[in-house]
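For reference, the structure discussed in these notes is given below.
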Amino acid sequence: MIWYILGAGSLGSLWATRLARAGQPVQLLLRDRQRLAAYRERGGLTLCEDGRETLYPIPAETAGHGGTPIHRLLLASKAYDAEEAAASVAARLAPDAEIILLQNGLGSQQAVAAHLPRARCLYASSTEGAFRDGDFRVVFAGRGQTWLGDERGGPAPAWLADLESAEIPVQWSGDILERLWRKLALNCAINPLTVLHHCRNGELANHAEEVAGLCDELGHLLHACGYTLAARELQGEVERVIDATARNFSSMYQDVANGRRTEIAYLLAHACNEGRRRNLAQPRLEAVHLRLRELLRQRGLPEA
Ligand code: NAP
């Protein structure tokens, strides 16, 4: 069974190269002919790991043009690109297709799943870290773990073992939405403030009251979603992450600093919308959202 990888960015490349290294058949799906030509010029994907660089000449084609039906797909785009990327391969999906949606935040996964009712859409949440230091080059920056699960239920697929044997640490989650919500809440309590205060994660210790105010509202939201334990643990988890990643700049900080679009629509905006839908008062989250949108507007970046 071929692993099709749509989104040959940081995480997509990290999966593709490890699967190829383990001898599993992998096919990259690139956006268009220009990207395919650029890829061919590079001769493959380069994985930089522990100071070593290895080139993997993984076969590639444009997303819409290959003839073979797709049975197994990893979609590893940014959340705001997921629907369009999924649409570009929809006609090629086999009736029993299984798709792993590897996006941060929430909302994009459900949007993709709604467009592809026949496919089995699994959601992923990952703590692995990678970045691109050049076109079709990925640096494996932080080891972690990926959880996979199915919002609609059903058993874990047998191919999880193939991922393990390719040194992609995965675990099946019986409640992947809770995992994604926990990560979303953590992100909402930390990332927007690092952008607004223009600081590293650790410097949020100087804004403890503001962080605690957001945690309080996010805790109520988690509780309203049915995640009581996550709600109780949020504040402590946020403090732990701020401490453990004190020297780091958050992903949202880095996106803004580099003039890149953020995933705000699937993170803070999603939390605000879900709170409104449940009639929760979230004045602090709403205020941070407003300030963040204003900052993005001033920088000429999309507000959503
Ligand atoms: P990334 O490096 O920006 O890669 C995204 C890739 O998607 C790019 O290669 C882009 O192609 C491709 N793409 C977008 N639209 C496409 C389309 N229509 N057809 C084909 N390819 C398309 O993003 P990433 O860092 O891997 O992040 C992916 C998701 O994982 C995000 O939601 C992110 O928040 C999450 N995440 C990332 C990390 C990390 O360490 N990187 C960790 C945890 C979670 P081009 O190259 O042509 O632009």
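Ordering of the structure tokens sets the chain letters (A, B, ...); residue numbers start at 1 within each chain; ligands are numbered from 1 in the order shown.
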List as a PyMOL selection string the protein and nucleic acid residues lying within 8 Å of ligand 1, with only C-alpha atoms and all ligand atoms counted. chain A and resi 6-13+29-32+35+62-63+76-79+81-82+84-86+88+102-105+125-132+135-136+141-142+251+263
Could the residues in this selection be written to a file with C-alpha atoms, as a compact mmCIF listing (two decimals), in the first residue's frame?
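New file part-v9.txt:
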# COMPACT_ATOMS: atom_id res chain seq x y z
CA LEU A 6 0.10 15.75 0.38
CA GLY A 7 2.01 18.72 1.80
CA ALA A 8 5.75 18.20 1.50
CA GLY A 9 6.53 20.81 4.18
CA SER A 10 8.11 20.28 7.58
CA LEU A 11 5.97 17.49 9.03
CA GLY A 12 5.00 15.95 5.68
CA SER A 13 8.68 15.61 4.79
CA LEU A 29 1.81 14.94 -4.09
CA LEU A 30 2.90 18.45 -4.97
CA ARG A 31 0.77 21.50 -5.60
CA ASP A 32 1.54 22.09 -9.29
CA ARG A 35 6.69 22.79 -7.47
CA THR A 62 1.23 16.78 -8.98
CA ALA A 63 -1.76 16.23 -6.73
CA ALA A 76 0.17 17.68 6.18
CA SER A 77 -0.66 21.23 5.09
CA LYS A 78 -1.33 24.23 7.29
CA ALA A 79 -4.92 24.28 8.62
CA ASP A 81 -4.80 25.14 3.20
CA ALA A 82 -6.32 21.79 4.18
CA GLU A 84 -8.26 23.19 -0.87
CA ALA A 85 -5.49 20.60 -0.74
CA ALA A 86 -8.00 17.82 0.05
CA SER A 88 -7.30 18.68 -5.23
CA LEU A 102 -2.20 16.51 10.49
CA GLN A 103 -3.25 20.07 11.29
CA ASN A 104 -2.97 22.19 14.39
CA GLY A 105 -6.08 23.59 16.04
CA SER A 125 -2.01 15.73 17.11
CA SER A 126 1.76 15.86 17.24
CA THR A 127 4.45 17.10 19.58
CA GLU A 128 7.21 16.38 17.06
CA GLY A 129 9.08 19.46 15.88
CA ALA A 130 10.54 20.20 12.46
CA PHE A 131 11.29 23.17 10.26
CA ARG A 132 12.40 23.81 6.70
CA ASP A 135 13.12 24.13 -0.23
CA PHE A 136 12.44 20.40 0.22
CA ALA A 141 14.21 19.70 15.61
CA GLY A 142 12.40 17.93 18.40
CA SER A 251 5.12 29.09 16.51
CA GLU A 263 -3.37 29.58 12.00
Sel. of alpha helix (DSSP H) residues, segment 15-247 of chain A, as a PyMOL selection string: chain A and resi 15-21+33-42+82-89+108-115+160-165+176-196+208-224+228-244
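The space between atom CA of Thr194 of chain A and atom CA of Ala257 of chain A spans 11.2 Å.
Between atom CA of Leu14 of chain A and atom CA of Glu61 of chain A the interatomic distance comes to 18.2 Å.
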Non-local contacts of segment 268-273 of chain A (10 Å; only C-alpha atoms; under 3 positions in same chain excluded) as an mmCIF file with all heavy atoms, in the first residue's frame:
data_model
loop_
_atom_site.group_PDB
_atom_site.id
_atom_site.type_symbol
_atom_site.label_atom_id
_atom_site.label_comp_id
_atom_site.auth_asym_id
_atom_site.auth_seq_id
_atom_site.Cartn_x
_atom_site.Cartn_y
_atom_site.Cartn_z
ATOM 1 N N GLY A 105 -4.801 22.940 15.785
ATOM 2 C CA GLY A 105 -6.077 23.592 16.038
ATOM 3 C C GLY A 105 -7.243 22.689 15.699
ATOM 4 O O GLY A 105 -7.107 21.476 15.570
ATOM 5 N N LEU A 106 -8.391 23.300 15.550
ATOM 6 C CA LEU A 106 -9.611 22.552 15.232
ATOM 7 C C LEU A 106 -10.448 23.320 14.220
ATOM 8 O O LEU A 106 -10.353 24.543 14.138
ATOM 9 C CB LEU A 106 -10.429 22.335 16.508
ATOM 10 C CG LEU A 106 -10.031 21.123 17.347
ATOM 11 C CD1 LEU A 106 -10.532 21.260 18.775
ATOM 12 C CD2 LEU A 106 -10.570 19.842 16.721
ATOM 13 N N GLY A 107 -11.253 22.591 13.498
ATOM 14 C CA GLY A 107 -12.142 23.228 12.518
ATOM 15 C C GLY A 107 -11.804 22.792 11.106
ATOM 16 O O GLY A 107 -12.690 22.427 10.339
ATOM 17 N N TRP A 181 -8.263 19.527 21.674
ATOM 18 C CA TRP A 181 -8.759 20.641 22.488
ATOM 19 C C TRP A 181 -7.737 21.057 23.543
ATOM 20 O O TRP A 181 -7.544 22.234 23.819
ATOM 21 C CB TRP A 181 -10.088 20.271 23.161
ATOM 22 C CG TRP A 181 -11.273 20.789 22.399
ATOM 23 C CD1 TRP A 181 -12.186 20.056 21.713
ATOM 24 C CD2 TRP A 181 -11.676 22.168 22.243
ATOM 25 N NE1 TRP A 181 -13.126 20.886 21.137
ATOM 26 C CE2 TRP A 181 -12.839 22.184 21.457
ATOM 27 C CE3 TRP A 181 -11.153 23.375 22.698
ATOM 28 C CZ2 TRP A 181 -13.491 23.365 21.105
ATOM 29 C CZ3 TRP A 181 -11.802 24.554 22.352
ATOM 30 C CH2 TRP A 181 -12.947 24.544 21.557
ATOM 31 N N LEU A 184 -5.113 22.982 21.782
ATOM 32 C CA LEU A 184 -5.655 24.271 21.342
ATOM 33 C C LEU A 184 -5.697 25.254 22.523
ATOM 34 O O LEU A 184 -5.295 26.415 22.408
ATOM 35 C CB LEU A 184 -7.051 24.062 20.755
ATOM 36 C CG LEU A 184 -7.763 25.294 20.185
ATOM 37 C CD1 LEU A 184 -8.663 24.878 19.020
ATOM 38 C CD2 LEU A 184 -8.602 26.023 21.209
ATOM 39 N N ALA A 185 -6.176 24.769 23.673
ATOM 40 C CA ALA A 185 -6.291 25.641 24.846
ATOM 41 C C ALA A 185 -4.913 26.125 25.299
ATOM 42 O O ALA A 185 -4.713 27.308 25.608
ATOM 43 C CB ALA A 185 -7.000 24.894 25.976
ATOM 44 N N ASN A 187 -2.281 26.427 23.449
ATOM 45 C CA ASN A 187 -1.830 27.377 22.439
ATOM 46 C C ASN A 187 -2.474 28.749 22.670
ATOM 47 O O ASN A 187 -1.799 29.782 22.630
ATOM 48 C CB ASN A 187 -2.193 26.815 21.051
ATOM 49 C CG ASN A 187 -1.700 27.684 19.924
ATOM 50 O OD1 ASN A 187 -2.065 28.838 19.836
ATOM 51 N ND2 ASN A 187 -0.855 27.129 19.053
ATOM 52 N N CYS A 188 -3.797 28.760 22.943
ATOM 53 C CA CYS A 188 -4.517 30.033 23.120
ATOM 54 C C CYS A 188 -4.034 30.803 24.346
ATOM 55 O O CYS A 188 -4.097 32.025 24.382
ATOM 56 C CB CYS A 188 -6.014 29.792 23.270
ATOM 57 S SG CYS A 188 -6.802 29.271 21.757
ATOM 58 N N ALA A 189 -3.574 30.054 25.374
ATOM 59 C CA ALA A 189 -3.137 30.720 26.602
ATOM 60 C C ALA A 189 -1.727 31.297 26.461
ATOM 61 O O ALA A 189 -1.342 32.184 27.220
ATOM 62 C CB ALA A 189 -3.176 29.731 27.769
ATOM 63 N N ASN A 191 0.450 31.394 22.983
ATOM 64 C CA ASN A 191 0.961 31.957 21.724
ATOM 65 C C ASN A 191 0.522 33.398 21.425
ATOM 66 O O ASN A 191 1.374 34.233 21.093
ATOM 67 C CB ASN A 191 0.614 31.017 20.558
ATOM 68 C CG ASN A 191 1.333 29.683 20.668
ATOM 69 O OD1 ASN A 191 1.703 29.268 21.760
ATOM 70 N ND2 ASN A 191 1.539 29.014 19.561
ATOM 71 N N PRO A 192 -0.795 33.716 21.537
ATOM 72 C CA PRO A 192 -1.184 35.098 21.220
ATOM 73 C C PRO A 192 -0.472 36.118 22.115
ATOM 74 O O PRO A 192 -0.059 37.184 21.639
ATOM 75 C CB PRO A 192 -2.696 35.104 21.475
ATOM 76 C CG PRO A 192 -3.103 33.681 21.280
ATOM 77 C CD PRO A 192 -1.969 32.873 21.824
ATOM 78 N N GLU A 217 -10.870 31.344 31.553
ATOM 79 C CA GLU A 217 -11.921 31.291 30.522
ATOM 80 C C GLU A 217 -11.801 30.033 29.656
ATOM 81 O O GLU A 217 -12.806 29.409 29.296
ATOM 82 C CB GLU A 217 -11.852 32.540 29.645
ATOM 83 C CG GLU A 217 -12.232 33.799 30.415
ATOM 84 C CD GLU A 217 -12.240 35.059 29.563
ATOM 85 O OE1 GLU A 217 -11.996 34.976 28.331
ATOM 86 O OE2 GLU A 217 -12.477 36.129 30.133
ATOM 87 N N LEU A 218 -10.564 29.664 29.330
ATOM 88 C CA LEU A 218 -10.369 28.452 28.515
ATOM 89 C C LEU A 218 -10.783 27.206 29.293
ATOM 90 O O LEU A 218 -11.318 26.251 28.721
ATOM 91 C CB LEU A 218 -8.902 28.340 28.073
ATOM 92 C CG LEU A 218 -8.480 29.358 27.004
ATOM 93 C CD1 LEU A 218 -6.959 29.508 26.950
ATOM 94 C CD2 LEU A 218 -9.019 28.950 25.627
ATOM 95 N N LEU A 221 -14.385 26.830 29.012
ATOM 96 C CA LEU A 221 -14.724 26.336 27.666
ATOM 97 C C LEU A 221 -14.485 24.819 27.585
ATOM 98 O O LEU A 221 -15.341 24.069 27.088
ATOM 99 C CB LEU A 221 -13.878 27.081 26.618
ATOM 100 C CG LEU A 221 -14.065 26.657 25.170
ATOM 101 C CD1 LEU A 221 -15.522 26.790 24.725
ATOM 102 C CD2 LEU A 221 -13.171 27.503 24.243
ATOM 103 N N LEU A 222 -13.326 24.365 28.094
ATOM 104 C CA LEU A 222 -13.037 22.922 28.082
ATOM 105 C C LEU A 222 -14.107 22.164 28.865
ATOM 106 O O LEU A 222 -14.588 21.114 28.428
ATOM 107 C CB LEU A 222 -11.655 22.649 28.698
ATOM 108 C CG LEU A 222 -10.445 23.058 27.862
ATOM 109 C CD1 LEU A 222 -9.153 22.862 28.667
ATOM 110 C CD2 LEU A 222 -10.371 22.238 26.572
ATOM 111 N N GLU A 263 -2.224 30.496 11.990
ATOM 112 C CA GLU A 263 -3.375 29.584 11.998
ATOM 113 C C GLU A 263 -4.431 30.062 13.011
ATOM 114 O O GLU A 263 -5.216 29.260 13.511
ATOM 115 C CB GLU A 263 -2.905 28.157 12.297
ATOM 116 C CG GLU A 263 -2.000 27.607 11.190
ATOM 117 C CD GLU A 263 -1.543 26.179 11.421
ATOM 118 O OE1 GLU A 263 -0.829 25.959 12.426
ATOM 119 O OE2 GLU A 263 -1.867 25.285 10.619
ATOM 120 N N ILE A 264 -4.468 31.356 13.266
ATOM 121 C CA ILE A 264 -5.342 31.950 14.291
ATOM 122 C C ILE A 264 -6.800 31.509 14.139
ATOM 123 O O ILE A 264 -7.493 31.286 15.125
ATOM 124 C CB ILE A 264 -5.218 33.503 14.270
ATOM 125 C CG1 ILE A 264 -6.168 34.146 15.279
ATOM 126 C CG2 ILE A 264 -5.442 34.088 12.915
ATOM 127 C CD1 ILE A 264 -6.058 35.664 15.371
ATOM 128 N N ALA A 265 -7.268 31.357 12.888
ATOM 129 C CA ALA A 265 -8.679 31.011 12.662
ATOM 130 C C ALA A 265 -9.023 29.655 13.272
ATOM 131 O O ALA A 265 -10.178 29.410 13.621
ATOM 132 C CB ALA A 265 -8.977 30.985 11.165
ATOM 133 N N ARG A 276 -18.840 31.428 22.184
ATOM 134 C CA ARG A 276 -20.055 32.190 21.842
ATOM 135 C C ARG A 276 -21.217 31.238 21.592
ATOM 136 O O ARG A 276 -22.331 31.469 22.034
ATOM 137 C CB ARG A 276 -19.795 33.021 20.574
ATOM 138 C CG ARG A 276 -19.448 34.472 20.896
ATOM 139 C CD ARG A 276 -19.173 35.240 19.614
ATOM 140 N NE ARG A 276 -17.766 35.608 19.570
ATOM 141 C CZ ARG A 276 -16.973 35.503 18.507
ATOM 142 N NH1 ARG A 276 -17.433 35.019 17.383
ATOM 143 N NH2 ARG A 276 -15.725 35.876 18.580
ATOM 144 N N ARG A 277 -20.922 30.146 20.857
ATOM 145 C CA ARG A 277 -21.964 29.173 20.541
ATOM 146 C C ARG A 277 -22.577 28.576 21.816
ATOM 147 O O ARG A 277 -23.724 28.180 21.837
ATOM 148 C CB ARG A 277 -21.333 28.050 19.702
ATOM 149 C CG ARG A 277 -22.217 27.491 18.607
ATOM 150 C CD ARG A 277 -21.391 26.753 17.567
ATOM 151 N NE ARG A 277 -20.626 25.649 18.100
ATOM 152 C CZ ARG A 277 -21.115 24.438 18.361
ATOM 153 N NH1 ARG A 277 -22.368 24.186 18.151
ATOM 154 N NH2 ARG A 277 -20.324 23.493 18.820
ATOM 155 N N ARG A 278 -21.756 28.522 22.875
ATOM 156 C CA ARG A 278 -22.230 27.942 24.134
ATOM 157 C C ARG A 278 -22.633 29.018 25.138
ATOM 158 O O ARG A 278 -22.776 28.735 26.326
ATOM 159 C CB ARG A 278 -21.111 27.071 24.734
ATOM 160 C CG ARG A 278 -20.815 25.856 23.916
ATOM 161 C CD ARG A 278 -19.611 25.114 24.472
ATOM 162 N NE ARG A 278 -19.566 23.745 23.992
ATOM 163 C CZ ARG A 278 -19.105 23.385 22.802
ATOM 164 N NH1 ARG A 278 -18.619 24.286 21.986
ATOM 165 N NH2 ARG A 278 -19.105 22.117 22.429
ATOM 166 N N ASN A 279 -22.752 30.261 24.653
ATOM 167 C CA ASN A 279 -23.156 31.399 25.509
ATOM 168 C C ASN A 279 -22.233 31.599 26.708
ATOM 169 O O ASN A 279 -22.693 31.943 27.799
ATOM 170 C CB ASN A 279 -24.592 31.227 26.013
ATOM 171 C CG ASN A 279 -25.573 31.319 24.866
ATOM 172 O OD1 ASN A 279 -25.406 32.161 23.970
ATOM 173 N ND2 ASN A 279 -26.566 30.457 24.867
ATOM 174 N N LEU A 280 -20.942 31.356 26.531
ATOM 175 C CA LEU A 280 -19.999 31.585 27.627
ATOM 176 C C LEU A 280 -19.482 33.016 27.527
ATOM 177 O O LEU A 280 -19.245 33.506 26.415
ATOM 178 C CB LEU A 280 -18.800 30.626 27.511
ATOM 179 C CG LEU A 280 -19.093 29.134 27.634
ATOM 180 C CD1 LEU A 280 -17.812 28.338 27.423
ATOM 181 C CD2 LEU A 280 -19.679 28.823 29.006
ATOM 182 N N ALA A 281 -19.292 33.664 28.672
ATOM 183 C CA ALA A 281 -18.678 35.005 28.667
ATOM 184 C C ALA A 281 -17.165 34.804 28.618
ATOM 185 O O ALA A 281 -16.598 34.146 29.494
ATOM 186 C CB ALA A 281 -19.084 35.751 29.920
ATOM 187 N N GLN A 282 -16.516 35.341 27.593
ATOM 188 C CA GLN A 282 -15.063 35.175 27.453
ATOM 189 C C GLN A 282 -14.425 36.525 27.139
ATOM 190 O O GLN A 282 -13.769 36.676 26.095
ATOM 191 C CB GLN A 282 -14.744 34.182 26.331
ATOM 192 C CG GLN A 282 -15.439 32.825 26.474
ATOM 193 C CD GLN A 282 -14.968 31.787 25.463
ATOM 194 O OE1 GLN A 282 -14.703 30.653 25.811
ATOM 195 N NE2 GLN A 282 -14.863 32.173 24.204
ATOM 196 N N PRO A 283 -14.610 37.520 28.019
ATOM 197 C CA PRO A 283 -14.147 38.872 27.682
ATOM 198 C C PRO A 283 -12.642 38.956 27.438
ATOM 199 O O PRO A 283 -12.193 39.679 26.541
ATOM 200 C CB PRO A 283 -14.558 39.710 28.896
ATOM 201 C CG PRO A 283 -14.786 38.727 29.998
ATOM 202 C CD PRO A 283 -15.244 37.469 29.347
ATOM 203 N N LEU A 285 -10.517 36.483 26.403
ATOM 204 C CA LEU A 285 -10.159 35.831 25.132
ATOM 205 C C LEU A 285 -10.574 36.707 23.950
ATOM 206 O O LEU A 285 -9.818 36.872 22.988
ATOM 207 C CB LEU A 285 -10.865 34.471 25.019
ATOM 208 C CG LEU A 285 -10.224 33.313 25.761
ATOM 209 C CD1 LEU A 285 -11.153 32.113 25.768
ATOM 210 C CD2 LEU A 285 -8.893 32.938 25.101
ATOM 211 N N GLU A 286 -11.774 37.285 24.047
ATOM 212 C CA GLU A 286 -12.264 38.138 22.957
ATOM 213 C C GLU A 286 -11.350 39.358 22.801
ATOM 214 O O GLU A 286 -11.037 39.766 21.683
ATOM 215 C CB GLU A 286 -13.703 38.599 23.231
ATOM 216 C CG GLU A 286 -14.735 37.478 23.234
ATOM 217 C CD GLU A 286 -15.137 36.995 21.842
ATOM 218 O OE1 GLU A 286 -14.625 37.512 20.834
ATOM 219 O OE2 GLU A 286 -15.971 36.055 21.778
ATOM 220 N N VAL A 288 -8.140 39.636 23.641
ATOM 221 C CA VAL A 288 -6.843 39.217 23.071
ATOM 222 C C VAL A 288 -6.997 38.950 21.572
ATOM 223 O O VAL A 288 -6.147 39.334 20.762
ATOM 224 C CB VAL A 288 -6.291 37.976 23.820
ATOM 225 C CG1 VAL A 288 -5.140 37.339 23.063
ATOM 226 C CG2 VAL A 288 -5.837 38.366 25.212
ATOM 227 N N HIS A 289 -8.113 38.331 21.211
ATOM 228 C CA HIS A 289 -8.372 38.041 19.796
ATOM 229 C C HIS A 289 -8.419 39.348 18.989
ATOM 230 O O HIS A 289 -7.797 39.463 17.926
ATOM 231 C CB HIS A 289 -9.707 37.278 19.673
ATOM 232 C CG HIS A 289 -10.007 36.807 18.291
ATOM 233 N ND1 HIS A 289 -11.278 36.625 17.822
ATOM 234 C CD2 HIS A 289 -9.189 36.487 17.250
ATOM 235 C CE1 HIS A 289 -11.237 36.225 16.572
ATOM 236 N NE2 HIS A 289 -9.986 36.121 16.206
ATOM 237 N N LEU A 290 -9.122 40.331 19.543
ATOM 238 C CA LEU A 290 -9.258 41.628 18.865
ATOM 239 C C LEU A 290 -7.890 42.311 18.704
ATOM 240 O O LEU A 290 -7.548 42.811 17.630
ATOM 241 C CB LEU A 290 -10.194 42.510 19.698
ATOM 242 C CG LEU A 290 -11.082 43.476 18.943
ATOM 243 C CD1 LEU A 290 -12.062 42.695 18.078
ATOM 244 C CD2 LEU A 290 -11.852 44.369 19.941
ATOM 245 N N LEU A 292 -4.980 40.895 18.730
ATOM 246 C CA LEU A 292 -4.132 40.119 17.816
ATOM 247 C C LEU A 292 -4.512 40.404 16.356
ATOM 248 O O LEU A 292 -3.648 40.599 15.496
ATOM 249 C CB LEU A 292 -4.274 38.630 18.129
ATOM 250 C CG LEU A 292 -3.314 37.691 17.407
ATOM 251 C CD1 LEU A 292 -1.867 38.020 17.739
ATOM 252 C CD2 LEU A 292 -3.587 36.240 17.806
ATOM 253 N N ARG A 293 -5.814 40.457 16.101
ATOM 254 C CA ARG A 293 -6.255 40.736 14.724
ATOM 255 C C ARG A 293 -5.780 42.112 14.279
ATOM 256 O O ARG A 293 -5.356 42.291 13.132
ATOM 257 C CB ARG A 293 -7.782 40.642 14.637
ATOM 258 C CG ARG A 293 -8.278 39.220 14.694
ATOM 259 C CD ARG A 293 -9.767 39.135 14.611
ATOM 260 N NE ARG A 293 -10.270 39.723 13.376
ATOM 261 C CZ ARG A 293 -11.561 39.881 13.088
ATOM 262 N NH1 ARG A 293 -12.477 39.497 13.950
ATOM 263 N NH2 ARG A 293 -11.933 40.405 11.950
ATOM 264 N N GLU A 303 -6.118 38.325 8.905
ATOM 265 C CA GLU A 303 -6.634 38.346 10.290
ATOM 266 C C GLU A 303 -7.309 37.028 10.650
ATOM 267 O O GLU A 303 -7.780 36.846 11.764
ATOM 268 C CB GLU A 303 -7.653 39.470 10.453
ATOM 269 C CG GLU A 303 -7.053 40.849 10.374
ATOM 270 C CD GLU A 303 -8.130 41.922 10.338
ATOM 271 O OE1 GLU A 303 -9.051 41.862 11.168
ATOM 272 O OE2 GLU A 303 -8.053 42.787 9.463
ATOM 273 N N ALA A 304 -7.423 36.132 9.666
ATOM 274 C CA ALA A 304 -8.085 34.851 9.940
ATOM 275 C C ALA A 304 -7.342 33.744 9.198
ATOM 276 O O ALA A 304 -6.498 34.016 8.346
ATOM 277 C CB ALA A 304 -9.518 34.880 9.480
#
Neighbour list for Ala212 of chain A as a count of residues only, cut-off 12 Å, only C-alpha atoms, skip fewer than 3 positions in-chain: 24
Nearest to Leu229 of chain A among A:Arg179, A:Arg42, A:His197, A:Arg118, with distances taken over only C-alpha atoms: which residue is it? A:Arg179
Which is closest to Ala97 of chain A among A:Arg52, A:Glu151, A:Gly144, A:Pro157, if we use only C-alpha atoms? A:Pro157
Mind the document's chain letters and residue numbers, and return as a ChimeraX atom specification the residues of segment 25-219 of chain A that DSSP labels strand (DSSP E). /A:26-30,45-49,52-56,60-62,70-75,93-101,120-126,129-134,137-142,146-149,170-172
For Leu55 of chain A, find every residue with an atom within 8 Å (counting only C-alpha atoms), except residues of its own chain fewer than 5 positions away, and show them as a PyMOL selection string. chain A and resi 43-47
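Remark: for Glu53 of chain A, the closest of the candidate residues A:Ala158, A:Val138, A:Leu163, A:Val170 is A:Val138 (distances computed over only C-alpha atoms).
Across the model, the gap from atom CA of Tyr4 of chain A to atom CA of Gln27 of chain A is 4.9 Å.
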Could you check the closest approach to Trp3 of chain A for each of A:Ile100, A:Val195, A:Val89, A:Ala38 and tell me which residue wins, using only C-alpha atoms? A:Ile100
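Using only C-alpha atoms, the smallest distance between any of A:Glu203, A:Glu83, A:Glu164, A:Asp133 and Ser250 of chain A comes from A:Glu203.
Minimum atom-to-atom distances from A:Leu122, A:Leu180, A:Val241, A:Ala22 to Pro155 of chain A were compared using only C-alpha atoms, and the lowest value belongs to A:Leu122.
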